[in-house]
Amino acid sequence: MEPGDFVAPMLAVRADQAFSGACWWFETKWDGYRAVISIGEQFHIYSRNGQDLLTRFPSLSATEQMLPRDIVLDAELVAWVDGRPSFADLQTRTAATYLLMVFDCLYQGGRWIMHEPWAVRHEILRRNVSSFGQIVVSDGVFESGSDFFTATRALELEGVIAKRRDSPYLPGRRSPLWQKFLVYQTGWFWILNASQSPDGSWYWTVAERDSQGWRKVARVKAPKGWRWDERPVYLPNDPRAVAVELSYRDRTREGQLRHARIRRWGKLGALSRLEDPPSGTGSLSQDGNHPRGGG
Amino acid sequence: MRSLFKGVIGFGLVSIPIQVYKAMESERVTTHWIHQACKSRIQYQKYCPVCEVRVSSEDIVVGAPLGDGRYVVLHQEERPKTGDHTITILNFPALKDIDPVFWETSYWLKPGPGGQKAYALLNQTMRATERVALAEMVLRTRRSLAVVRSYNPDTLMLHRMYYPESLRQEGVSMGKGSLKPKDRELEMAKSLVEQMAESFDPSEYPNLARQARLEEIDALTPTAEMPKVPANREVLDLMEKLKESVTAQRQHGTRAGS
């Protein structure tokens, strides 16, 4: 394996609740696409699955000038809109600005350093990469994970990643050495109906299906420019059925989603063509809902 | 127009709910200092030249100089609670007895819900008696003297006043020692003044400098530029905010969210 090659990124397990601890580092979980920046003889930015992000986001090519030679970095690509990450604008590629939030270094100084503890890799990252232009070195805090989570929730960011300071980088592995606590959960649902408010904007009635049948879980404003040109089909597994991925804070006791926002949506038939499909979308289950693991 | 605050005029046993609005627009055309290169607004940093460090707000205290180089550090005053906006009428002097030197800032008063009747009564009464109300008021953190007066048959106005101590006494006798004019000179000057006597019409005296400035800005509009704010800066500020918030929680000893 050489710099310039793809390295499958290390993944985090989900923690039930926020925690603190002296041997942990806590940083923001940015809401975007995982991006592995690999610079050797060639310059590549790979998605989580090893696809080329540069063809989809050509403006990222400019970052080559801002980074040292022969380095491999782990990062999250975010669309930056109105002072915060917007996953929806990343999906539709409608943001004016895309940023690479860099948080780990896998190769530097002519050698792979994935076996080194996180603290050493982080130090190397900070010494070799600085925030400039579209490159941002992601920051965080030691020890105070619960407080960091409280601050993250107050700013309505997606969540927090906790990393053990002594953890090696385990490519492609989902490891408890990295844990995430989420402010927002995500899930896939079905569009059951749409209605137009007096001011002309469209709202979707979003539902899930359980053993008792359909259950409405949220009413969300339809994406800009969406018009009802075709009545949605509710039948799961029908390629014309429209699925929507929502992020939401939590659920009421009745199962309603609180603070629901659209992440992405599409006809079932088109979803499998997404460049970064959510785990599980490929095999939408019979009951019409399909939990996803998330990044 | 947004009201500065809601308050109550206390007049004996009656209280009149009101909303306070700034009456005067600044005469200056708004301008900012911006960095020529990127058109961003420049920022001020609090800097200690002795320690050569940026000073954060929690390390800043208020000190009063004693005049001999020493300082006493003052205890920070608690901000008065926002419910506490009271304008208490003290008495009713005649307007001509208040020297204009004490006028500071003018505010419109709008009757609050349920206050229309008492508001109109106070307005009409002051018009009929040709009196104004001297009051003590709290605006933001400041306690000041104020005058409430009838601006027209519909509307009351509030004038924040300087306290008498603010008047620099050494100026009072600056005109002393001038020569007594002769009777003939006084007569001549009086007839000149009478010839030039006119009523005051504010619209005859527009702010020409301001108009010229606005025209200049208008003419330059095609060259306007957006500040080049790197998104980068916004993220760095956001991350800084997260860290500051963690530091603040640590200091308060809370472990919320755990």
# chains A, B, ... in the order shown; residues from 1 in each chain; ligands from 1
>>> residues_around(residues="region 204-220 of chain B", least_positions_apart="5", cutoff="12 Å", atoms="only C-alpha atoms", output="list in words")
Ser26, Glu27, Arg28, Val29, Thr30, Thr31, Glu198, Ser199 and Glu225 of chain B
>>> interface_residues(of="chain A", to="chain B", cutoff="10 Å", atoms="only C-alpha atoms", output="NGL selection string")
:A and (17-20 or 27-28 or 80-85 or 96-101 or 131-141 or 144-155)
>>> residues_around(residues="Val183 (chain A)", least_positions_apart="3", cutoff="7 Å", atoms="only C-alpha atoms", output="list in words")
Arg153, Leu157, Glu158, Gly159 and Arg249 of chain A
>>> select_by_dssp(residues="region 2-241 of chain A", states="strand (DSSP E or B)", output="PyMOL selection string")
chain A and resi 3+5+11-14+21-29+33-39+43-46+52+71-81+84-85+97-108+111-112+132+135-137+140-143+159-164+174-182+185-196+202-210+213-221+233+241
>>> residues_around(residues="Ser247 (chain A)", least_positions_apart="5", cutoff="7 Å", atoms="only C-alpha atoms", output="PyMOL selection string")
chain A and resi 184-187+260-263
